[in-house]
>>> print(open('target01.cif').read())   # mmCIF, C-alpha atoms
data_target
loop_
_atom_site.label_atom_id
_atom_site.label_comp_id
_atom_site.auth_asym_id
_atom_site.auth_seq_id
_atom_site.Cartn_x
_atom_site.Cartn_y
_atom_site.Cartn_z
CA MET S 1 -47.05 6.60 99.45
CA LYS S 2 -49.73 6.23 96.80
CA TYR S 3 -49.41 9.71 95.27
CA PRO S 4 -45.68 9.71 94.50
CA LEU S 5 -46.16 6.41 92.71
CA ILE S 6 -48.99 7.77 90.54
CA LEU S 7 -46.91 10.84 89.86
CA LEU S 8 -44.02 8.64 88.77
CA ILE S 9 -46.25 6.64 86.43
CA CYS S 10 -47.58 9.85 84.91
CA LEU S 11 -44.05 11.01 84.26
CA LEU S 12 -42.92 7.80 82.58
CA PRO S 13 -43.91 8.79 79.02
CA THR S 14 -41.82 11.96 79.28
CA PHE S 15 -38.76 9.92 80.14
CA SER S 16 -39.15 7.72 77.08
CA TYR S 17 -39.24 10.79 74.83
CA ALA S 18 -35.91 12.02 76.07
CA GLY S 19 -34.00 9.64 73.83
CA GLU S 20 -35.45 10.77 70.54
CA ALA S 21 -34.79 14.48 70.75
CA LYS S 22 -31.16 14.08 71.67
CA ASP S 23 -29.74 16.24 68.90
CA LEU S 24 -31.95 19.10 69.91
CA ALA S 25 -30.95 18.87 73.55
CA GLU S 26 -27.27 19.09 72.70
CA ASP S 27 -27.43 22.65 71.48
CA PRO S 28 -30.92 24.05 70.90
CA VAL S 29 -29.63 27.32 69.41
CA LEU S 30 -27.51 25.57 66.82
CA GLU S 31 -30.31 23.10 66.10
CA GLN S 32 -32.73 25.95 65.47
CA ARG S 33 -30.24 27.61 63.15
CA MET S 34 -29.77 24.33 61.29
CA VAL S 35 -33.53 23.85 60.93
CA ASN S 36 -34.01 27.42 59.67
CA LEU S 37 -31.36 26.87 57.03
CA ALA S 38 -32.48 23.37 56.10
CA GLN S 39 -36.08 24.51 55.56
CA ASN S 40 -34.94 26.37 52.46
CA LEU S 41 -32.96 23.45 51.09
CA ARG S 42 -34.32 20.59 49.06
CA CYS S 43 -33.82 16.96 49.92
CA LEU S 44 -32.57 15.36 46.71
CA VAL S 45 -34.07 11.99 47.51
CA CYS S 46 -37.64 13.11 48.17
CA GLN S 47 -37.54 16.19 46.05
CA ASN S 48 -40.61 17.96 47.35
CA GLU S 49 -39.47 17.76 50.92
CA SER S 50 -37.08 20.10 52.62
CA LEU S 51 -33.85 18.94 54.16
CA ALA S 52 -35.35 19.82 57.53
CA SER S 53 -38.43 17.61 57.22
CA SER S 54 -37.15 14.67 55.21
CA ARG S 55 -36.45 11.36 56.89
CA ALA S 56 -34.29 10.07 54.06
CA ASP S 57 -30.86 8.83 55.08
CA LEU S 58 -29.12 11.38 52.90
CA ALA S 59 -31.11 14.19 54.52
CA LYS S 60 -30.03 12.95 57.94
CA ASP S 61 -26.40 12.90 56.82
CA LEU S 62 -26.66 16.34 55.32
CA ARG S 63 -28.29 17.76 58.44
CA GLN S 64 -25.40 16.33 60.42
CA GLU S 65 -22.97 17.88 57.94
CA VAL S 66 -24.68 21.26 58.33
CA ARG S 67 -24.52 20.98 62.12
CA GLU S 68 -20.82 20.20 62.02
CA GLN S 69 -20.05 23.03 59.68
CA MET S 70 -21.98 25.41 61.92
CA LYS S 71 -19.94 24.20 64.88
CA LYS S 72 -16.82 24.98 62.87
CA GLY S 73 -18.08 28.54 62.65
CA MET S 74 -19.10 28.65 59.00
CA THR S 75 -21.74 31.19 58.05
CA ASP S 76 -25.09 30.16 56.57
CA GLN S 77 -24.01 31.48 53.18
CA GLN S 78 -20.81 29.43 53.25
CA ILE S 79 -22.78 26.29 54.05
CA ILE S 80 -25.25 27.01 51.24
CA ASP S 81 -22.34 27.53 48.83
CA TYR S 82 -20.83 24.25 50.00
CA LEU S 83 -24.02 22.34 49.23
CA VAL S 84 -24.65 24.12 45.93
CA SER S 85 -21.13 23.30 44.74
CA ARG S 86 -21.93 19.61 45.22
CA TYR S 87 -25.60 19.28 44.41
CA GLY S 88 -26.22 22.31 42.21
CA ASP S 89 -28.80 25.08 42.43
CA PHE S 90 -31.41 22.35 42.63
CA VAL S 91 -30.91 22.13 46.40
CA LEU S 92 -32.22 25.67 46.78
CA PHE S 93 -35.97 26.03 47.09
CA ASP S 94 -35.45 29.67 46.15
CA PRO S 95 -33.67 29.58 42.79
CA PRO S 96 -31.14 32.36 42.14
CA VAL S 97 -31.68 34.81 39.28
CA LYS S 98 -29.36 33.66 36.50
CA SER S 99 -29.44 33.82 32.73
CA TYR S 100 -31.25 30.49 32.49
CA THR S 101 -33.71 31.27 35.28
CA LEU S 102 -34.79 34.60 33.81
CA LEU S 103 -37.83 33.00 32.21
CA LEU S 104 -38.75 31.38 35.51
CA TRP S 105 -38.51 34.66 37.42
CA TYR S 106 -39.88 37.12 34.88
CA GLY S 107 -41.92 34.88 32.56
CA PRO S 108 -45.14 35.33 34.60
CA PHE S 109 -44.79 39.11 34.39
CA VAL S 110 -44.28 38.88 30.62
CA LEU S 111 -47.46 36.78 30.42
CA LEU S 112 -49.28 39.35 32.56
CA LEU S 113 -48.13 42.19 30.29
CA MET S 114 -49.21 40.24 27.22
CA GLY S 115 -52.60 39.65 28.83
CA VAL S 116 -53.04 43.34 29.68
CA ALA S 117 -51.98 44.36 26.19
CA GLY S 118 -54.41 41.87 24.64
CA LEU S 119 -57.22 43.15 26.84
CA ALA S 120 -56.47 46.78 25.98
CA LEU S 121 -56.45 45.91 22.30
CA GLN S 122 -59.77 44.10 22.57
CA LEU S 123 -61.40 46.96 24.48
CA ARG S 124 -60.24 49.53 21.94
CA LYS S 125 -61.57 47.39 19.10
CA ARG S 126 -64.93 47.05 20.81
CA LYS S 127 -65.16 50.81 21.38
CA ASN S 128 -64.68 51.36 17.66
CA THR S 129 -67.28 48.84 16.53
CA ALA S 130 -70.00 49.57 19.10
CA THR S 131 -71.12 53.02 17.84
CA GLU S 132 -74.23 54.64 19.23
CA VAL S 133 -77.31 53.90 17.15
CA GLN S 134 -79.17 56.97 15.96
CA LEU S 135 -82.97 56.66 16.12
CA SER S 136 -85.26 58.30 13.68
CA ALA S 137 -88.11 60.43 15.10
CA GLU S 138 -90.61 57.68 14.41
CA GLU S 139 -88.54 55.01 16.12
CA ALA S 140 -88.01 57.24 19.13
CA GLN S 141 -91.74 57.73 19.43
CA ARG S 142 -92.36 53.98 19.26
CA ALA S 143 -89.74 53.25 21.83
CA ALA S 144 -91.19 55.87 24.15
CA ALA S 145 -94.64 54.35 23.71
CA LEU S 146 -93.35 50.91 24.58
CA LEU S 147 -91.32 52.09 27.55
CA ASN S 148 -93.92 54.45 29.00
CA PRO S 149 -97.35 53.04 28.23
CA PRO S 150 -100.35 55.39 28.79
CA LYS S 151 -101.65 55.28 32.36
CA ASP S 152 -105.21 54.25 31.54
CA SER S 153 -104.22 51.14 29.60
CA GLN S 154 -102.38 49.80 32.61
CA THR S 155 -105.58 48.67 34.41
CA MET O 156 -60.71 32.70 11.93
CA MET O 157 -58.17 34.66 13.96
CA ARG O 158 -60.19 34.28 17.13
CA TYR O 159 -59.67 30.54 17.01
CA LEU O 160 -56.08 30.67 15.84
CA TRP O 161 -54.47 32.17 18.93
CA PRO O 162 -56.02 29.83 21.50
CA PHE O 163 -55.02 26.97 19.24
CA VAL O 164 -51.41 28.19 19.00
CA ALA O 165 -51.31 28.61 22.79
CA PHE O 166 -52.62 25.08 23.20
CA VAL O 167 -50.03 23.62 20.83
CA VAL O 168 -47.18 25.44 22.61
CA LEU O 169 -48.39 24.27 26.01
CA ALA O 170 -48.86 20.71 24.75
CA GLY O 171 -45.32 20.84 23.32
CA PHE O 172 -43.86 21.84 26.69
CA LEU O 173 -45.83 19.15 28.49
CA TYR O 174 -44.77 16.53 25.96
CA VAL O 175 -41.09 17.37 26.44
CA GLY O 176 -41.68 17.33 30.19
CA LEU O 177 -42.96 13.76 29.99
CA GLY O 178 -39.57 12.62 28.73
CA LEU O 179 -37.59 14.28 31.52
CA ASP O 180 -36.62 12.44 34.67
CA PRO O 181 -36.91 14.76 37.69
CA HIS O 182 -34.50 12.51 39.56
CA GLU O 183 -31.71 13.34 37.17
CA VAL O 184 -30.23 16.44 38.64
CA PRO O 185 -27.34 17.70 36.51
CA SER O 186 -24.20 17.64 38.59
CA PRO O 187 -22.33 20.91 39.04
CA LEU O 188 -19.15 18.83 39.32
CA ILE O 189 -18.93 18.09 35.60
CA ASN O 190 -15.65 19.52 34.26
CA LYS O 191 -14.52 20.24 37.82
CA PRO O 192 -11.67 18.47 39.62
CA ALA O 193 -12.89 15.30 41.32
CA PRO O 194 -12.84 15.81 45.12
CA ALA O 195 -9.77 14.09 46.55
CA PHE O 196 -10.29 11.38 49.13
CA THR O 197 -8.42 8.69 51.01
CA LEU O 198 -10.50 5.75 52.18
CA PRO O 199 -9.84 2.24 53.50
CA GLN O 200 -10.02 -0.58 50.98
CA LEU O 201 -12.79 -3.15 51.20
CA TYR O 202 -10.62 -6.26 51.10
CA ASP O 203 -7.86 -4.86 53.26
CA PRO O 204 -9.12 -2.02 55.48
CA ALA O 205 -5.59 -1.43 56.74
CA LYS O 206 -4.65 -0.24 53.26
CA GLN O 207 -5.88 3.06 51.86
CA PHE O 208 -7.19 4.00 48.47
CA VAL O 209 -5.88 7.44 47.53
CA SER O 210 -7.83 9.07 44.72
CA GLN O 211 -4.91 11.34 43.82
CA ASP O 212 -2.87 8.26 42.84
CA MET O 213 -5.23 7.78 39.91
CA LYS O 214 -3.91 10.82 38.04
CA GLY O 215 -2.55 10.00 34.60
CA GLN O 216 -5.28 7.53 33.69
CA VAL O 217 -8.91 7.63 32.72
CA TRP O 218 -11.04 5.74 35.24
CA LEU O 219 -14.57 5.08 36.35
CA LEU O 220 -15.68 5.58 39.92
CA ASN O 221 -18.78 3.51 40.54
CA VAL O 222 -20.69 4.23 43.74
CA TRP O 223 -22.57 1.13 44.83
CA ALA O 224 -23.84 -0.72 47.89
CA SER O 225 -25.02 -4.21 48.71
CA TRP O 226 -28.38 -2.78 49.83
CA CYS O 227 -28.94 -0.99 46.54
CA VAL O 228 -31.54 -2.53 44.26
CA SER O 229 -30.60 -0.83 40.97
CA CYS O 230 -26.99 -1.96 41.49
CA ARG O 231 -28.17 -5.49 40.78
CA GLU O 232 -29.48 -4.33 37.44
CA GLU O 233 -26.22 -2.57 36.69
CA HIS O 234 -23.90 -5.32 37.84
CA PRO O 235 -23.87 -7.52 34.71
CA VAL O 236 -23.14 -4.42 32.59
CA LEU O 237 -20.14 -3.58 34.73
CA MET O 238 -18.98 -7.21 34.68
CA ALA O 239 -19.06 -7.20 30.88
CA LEU O 240 -17.22 -3.88 30.76
CA SER O 241 -14.49 -5.09 33.10
CA ARG O 242 -13.90 -8.15 30.89
CA GLN O 243 -13.23 -5.84 27.94
CA HIS O 244 -10.33 -4.15 29.78
CA ILE O 245 -11.08 -0.77 28.28
CA VAL O 246 -11.14 1.25 31.44
CA PRO O 247 -10.42 0.43 35.08
CA ILE O 248 -13.52 0.50 37.28
CA TYR O 249 -13.02 1.50 40.87
CA GLY O 250 -15.82 0.84 43.32
CA LEU O 251 -16.96 2.99 46.19
CA ASP O 252 -18.95 0.86 48.59
CA TYR O 253 -21.31 3.49 49.96
CA LYS O 254 -22.69 3.29 53.53
CA ASP O 255 -22.34 -0.46 53.65
CA LYS O 256 -20.98 -3.13 55.95
CA ASN O 257 -17.72 -4.67 54.75
CA GLU O 258 -19.04 -8.22 55.13
CA ASP O 259 -22.19 -7.41 53.14
CA GLY O 260 -20.20 -5.74 50.39
CA LYS O 261 -17.77 -8.64 50.14
CA ALA O 262 -20.56 -11.20 50.12
CA TRP O 263 -22.30 -9.29 47.36
CA LEU O 264 -19.18 -9.33 45.18
CA ARG O 265 -18.62 -13.02 45.92
CA ASN O 266 -22.09 -13.85 44.67
CA GLY O 267 -22.30 -11.63 41.62
CA GLY O 268 -18.65 -11.32 40.64
CA ASP O 269 -16.25 -8.46 41.15
CA PRO O 270 -15.84 -6.03 38.24
CA TYR O 271 -13.67 -3.65 40.25
CA THR O 272 -9.94 -3.10 40.09
CA LEU O 273 -10.21 -1.97 43.68
CA VAL O 274 -12.99 -1.11 46.09
CA ALA O 275 -12.87 1.65 48.70
CA THR O 276 -15.41 1.90 51.52
CA ASP O 277 -17.28 5.05 52.41
CA LYS O 278 -18.91 4.00 55.67
CA ASP O 279 -20.34 7.34 56.80
CA GLY O 280 -21.09 8.67 53.32
CA ARG O 281 -18.80 11.67 53.72
CA VAL O 282 -17.02 11.19 50.40
CA GLY O 283 -20.43 10.56 48.88
CA ILE O 284 -21.53 14.02 50.00
CA ASP O 285 -18.35 15.51 48.50
CA TYR O 286 -19.23 13.92 45.19
CA GLY O 287 -22.84 15.01 45.37
CA VAL O 288 -24.14 11.44 45.58
CA TYR O 289 -27.86 11.36 46.33
CA GLY O 290 -28.88 7.99 45.02
CA VAL O 291 -26.90 4.84 44.44
CA PRO O 292 -25.69 3.72 41.91
CA GLU O 293 -23.88 6.69 40.48
CA THR O 294 -20.86 6.53 38.21
CA TYR O 295 -18.25 9.17 37.51
CA LEU O 296 -15.90 9.23 34.54
CA ILE O 297 -12.66 10.94 35.58
CA ASP O 298 -9.94 11.93 33.14
CA LYS O 299 -6.14 11.87 33.34
CA GLN O 300 -5.99 15.27 35.01
CA GLY O 301 -8.46 14.15 37.67
CA VAL O 302 -11.39 16.11 36.24
CA ILE O 303 -14.91 14.67 36.29
CA ARG O 304 -16.12 14.45 32.70
CA TYR O 305 -19.37 12.60 33.02
CA LYS O 306 -21.77 11.46 35.69
CA GLN O 307 -24.22 8.64 35.25
CA ILE O 308 -27.11 8.94 37.67
CA GLY O 309 -28.71 5.59 38.27
CA ALA O 310 -27.65 2.32 36.72
CA VAL O 311 -25.13 2.22 33.88
CA THR O 312 -26.90 0.56 30.95
CA GLN O 313 -25.69 -0.86 27.65
CA GLU O 314 -27.19 2.17 25.92
CA SER O 315 -25.53 4.75 28.15
CA LEU O 316 -22.22 2.90 27.75
CA LYS O 317 -22.45 2.75 24.01
CA GLU O 318 -23.82 6.22 23.41
CA LYS O 319 -22.01 8.31 25.97
CA ILE O 320 -19.47 6.65 28.22
CA LEU O 321 -17.39 4.57 25.80
CA PRO O 322 -16.99 7.28 23.11
CA LEU O 323 -15.98 9.73 25.83
CA ILE O 324 -13.45 7.26 27.26
CA VAL O 325 -11.84 6.80 23.84
CA GLU O 326 -11.67 10.56 23.41
CA LEU O 327 -10.19 11.15 26.85
CA GLN O 328 -7.66 8.34 26.58
CA ALA O 329 -6.37 9.77 23.29
CA LYS O 330 -5.60 13.13 24.92
#
>>> encode(input="target01.cif", output="structure tokens")
Amino acid sequence: MKYPLILLICLLPTFSYAGEAKDLAEDPVLEQRMVNLAQNLRCLVCQNESLASSRADLAKDLRQEVREQMKKGMTDQQIIDYLVSRYGDFVLFDPPVKSYTLLLWYGPFVLLLMGVAGLALQLRKRKNTATEVQLSAEEAQRAAALLNPPKDSQT
Amino acid sequence: MMRYLWPFVAFVVLAGFLYVGLGLDPHEVPSPLINKPAPAFTLPQLYDPAKQFVSQDMKGQVWLLNVWASWCVSCREEHPVLMALSRQHIVPIYGLDYKDKNEDGKAWLRNGGDPYTLVATDKDGRVGIDYGVYGVPETYLIDKQGVIRYKQIGAVTQESLKEKILPLIVELQAK
């Protein structure tokens, strides 16, 4: 008698969770598809959050909209186009390559090229200026004396 | 001399970009709907939910669609501006009460005055999504052909009216 009761009490928290994850339980496959799509979309209210993670009301509405469109059989691309036509490219975390995003996409590579070119230029300049110094016979002798002192003077 | 010049130029360019960036509002996302036909909708009216507001009926006149809600804080700021505009009878203002309770919306208009020719209610925010609404208030200027010509994100102010909206209205009404 005692054990079933303890078991029941242990299970109570799991029952209370059942209410919250309702949307997921309805159709886990669709929900997963929605989450995958929404992770790459921006919530316009809290702009650094994805549509999947945001708790803003608009994000909730848009997630619902995405679910419904998926149920209607629309492809992911169609849903993305639908949202872009209303909210602009800004909803995409991955901005498309367009004439006005060229700088965004390729600017870093241009900077890298400029850096490499600058470095190459500097190195070439240095090679030209740093010529090998020619020592006279006397200087060479002095240098040798300094570098290799006679053995007896070492003690 | 040259060794100091280039870092200095780079600094000035960077500072210039950052300075311009300071003046930009990241919450103002340019709407892709500008110069596109306004999405058509039919919604129940606030004062008489049995009657419908049909956006297509508005063709042939220039009008403002103001998205508002009783729970929206910036709408309070905007309200006197809209009241003043409605008294001038330049352009009809139509309200879209966004995700609001009818009683709350009506009470709000009773207290602050009603600048709207008519108010439609968008309870589930569906029409809002069609219009790309992501923050209330938002205001759309729609021309005689039913094309969106301007979108004000956030509260309509005296400055935005004077500098952008009113000149555009005059221009569109003359067409």
>>> interface_residues(input="target01.cif", of="chain S", to="chain O", cutoff="10 Å", atoms="only C-alpha atoms", output="ChimeraX atom specification")
/S:43-47,57-59,61-62,65,82-91
>>> resolve_selection(input="target01.cif", expression="the PyMOL selection byres ((chain O and resi 312) around 12)", output="list in words")
Ser229, Cys230, Arg231, Glu232, Glu233, His234, Pro235, Val236, Leu237, Met238, Ala239, Leu240, Pro292, Glu293, Thr294, Gln307, Ile308, Gly309, Ala310, Val311, Gln313, Glu314, Ser315, Leu316, Lys317, Glu318, Lys319, Ile320 and Leu321 of chain O
>>> atom_distance(input="target01.cif", atom1="atom CA of S:Leu111", atom2="atom CA of S:Ser99")
18.4 Å
>>> atom_distance(input="target01.cif", atom1="atom CA of S:Leu30", atom2="atom CA of S:Arg67")
7.2 Å
>>> residues_around(input="target01.cif", residues="O:Asp259", least_positions_apart="5", cutoff="12 Å", atoms="only C-alpha atoms", output="PDB file with C-alpha atoms, keeping the file's coordinate frame")
ATOM      1  CA  LEU O 201     -12.790  -3.150  51.200  1.00  0.00           C
ATOM      2  CA  TYR O 202     -10.620  -6.260  51.100  1.00  0.00           C
ATOM      3  CA  TRP O 223     -22.570   1.130  44.830  1.00  0.00           C
ATOM      4  CA  ALA O 224     -23.840  -0.720  47.890  1.00  0.00           C
ATOM      5  CA  SER O 225     -25.020  -4.210  48.710  1.00  0.00           C
ATOM      6  CA  TRP O 226     -28.380  -2.780  49.830  1.00  0.00           C
ATOM      7  CA  CYS O 227     -28.940  -0.990  46.540  1.00  0.00           C
ATOM      8  CA  ASP O 252     -18.950   0.860  48.590  1.00  0.00           C
ATOM      9  CA  TYR O 253     -21.310   3.490  49.960  1.00  0.00           C
ATOM     10  CA  LYS O 254     -22.690   3.290  53.530  1.00  0.00           C
ATOM     11  CA  LEU O 264     -19.180  -9.330  45.180  1.00  0.00           C
ATOM     12  CA  ARG O 265     -18.620 -13.020  45.920  1.00  0.00           C
ATOM     13  CA  ASN O 266     -22.090 -13.850  44.670  1.00  0.00           C
ATOM     14  CA  THR O 276     -15.410   1.900  51.520  1.00  0.00           C
TER      15      THR O 276
END
>>> atom_distance(input="target01.cif", atom1="atom CA of S:Trp105", atom2="atom CA of S:Leu92")
14.4 Å
>>> closest_residue(input="target01.cif", among="O:Leu251, O:Leu219, O:Leu273, O:Met157", to="O:Lys299", atoms="only C-alpha atoms")
O:Leu219
>>> resolve_selection(input="target01.cif", expression="the PyMOL selection byres ((chain O and resi 274) around 12)", output="PyMOL selection string")
chain O and resi 197-204+206-210+219-224+247-253+257+260-261+264+269-273+275-277
>>> residues_around(input="target01.cif", residues="S:Leu51", least_positions_apart="3", cutoff="8 Å", atoms="all atoms listed in the file", output="PDB file with C-alpha atoms, in the coordinates of the input")
ATOM      1  CA  ALA S  38     -32.480  23.370  56.100  1.00  0.00           C
ATOM      2  CA  GLN S  39     -36.080  24.510  55.560  1.00  0.00           C
ATOM      3  CA  ASN S  40     -34.940  26.370  52.460  1.00  0.00           C
ATOM      4  CA  LEU S  41     -32.960  23.450  51.090  1.00  0.00           C
ATOM      5  CA  ARG S  42     -34.320  20.590  49.060  1.00  0.00           C
ATOM      6  CA  CYS S  43     -33.820  16.960  49.920  1.00  0.00           C
ATOM      7  CA  SER S  54     -37.150  14.670  55.210  1.00  0.00           C
ATOM      8  CA  ALA S  59     -31.110  14.190  54.520  1.00  0.00           C
ATOM      9  CA  LEU S  62     -26.660  16.340  55.320  1.00  0.00           C
ATOM     10  CA  ARG S  63     -28.290  17.760  58.440  1.00  0.00           C
TER      11      ARG S  63
END
>>> decode(input="target01.cif", residues="stretch 43-58 of chain S", atoms="N, CA and C atoms", output="CSV table (one decimal), in the first residue's frame")
chain,number,residue,atom,x,y,z
S,43,CYS,N,13.9,37.1,-34.5
S,43,CYS,CA,12.7,37.7,-33.9
S,43,CYS,C,12.9,39.2,-34.0
S,44,LEU,N,11.9,39.9,-34.6
S,44,LEU,CA,12.1,41.4,-34.8
S,44,LEU,C,11.9,42.2,-33.5
S,45,VAL,N,11.4,41.6,-32.5
S,45,VAL,CA,11.2,42.3,-31.3
S,45,VAL,C,12.5,42.3,-30.5
S,46,CYS,N,13.0,41.1,-30.2
S,46,CYS,CA,14.3,41.0,-29.5
S,46,CYS,C,15.3,40.6,-30.6
S,47,GLN,N,16.0,41.5,-31.2
S,47,GLN,CA,16.6,41.3,-32.5
S,47,GLN,C,17.8,40.3,-32.5
S,48,ASN,N,18.3,40.0,-31.3
S,48,ASN,CA,19.4,39.1,-31.3
S,48,ASN,C,19.0,37.7,-30.9
S,49,GLU,N,17.7,37.5,-30.8
S,49,GLU,CA,17.2,36.2,-30.5
S,49,GLU,C,16.6,35.6,-31.8
S,50,SER,N,16.6,34.3,-31.8
S,50,SER,CA,16.0,33.7,-33.0
S,50,SER,C,14.5,33.5,-32.7
S,51,LEU,N,13.7,33.3,-33.8
S,51,LEU,CA,12.3,33.1,-33.6
S,51,LEU,C,12.0,31.8,-32.8
S,52,ALA,N,12.9,30.9,-32.8
S,52,ALA,CA,12.7,29.7,-32.0
S,52,ALA,C,12.9,29.9,-30.5
S,53,SER,N,13.8,30.8,-30.1
S,53,SER,CA,14.1,30.9,-28.7
S,53,SER,C,13.4,32.1,-28.1
S,54,SER,N,12.8,33.0,-28.9
S,54,SER,CA,12.3,34.2,-28.3
S,54,SER,C,10.9,33.9,-27.6
S,55,ARG,N,10.7,34.6,-26.5
S,55,ARG,CA,9.4,34.5,-25.8
S,55,ARG,C,8.5,35.7,-26.1
S,56,ALA,N,8.9,36.5,-27.0
S,56,ALA,CA,8.0,37.7,-27.4
S,56,ALA,C,6.7,37.2,-28.0
S,57,ASP,N,5.7,38.0,-27.8
S,57,ASP,CA,4.4,37.6,-28.3
S,57,ASP,C,4.4,37.4,-29.8
S,58,LEU,N,5.1,38.3,-30.5
S,58,LEU,CA,5.1,38.3,-32.0
S,58,LEU,C,5.8,37.0,-32.4
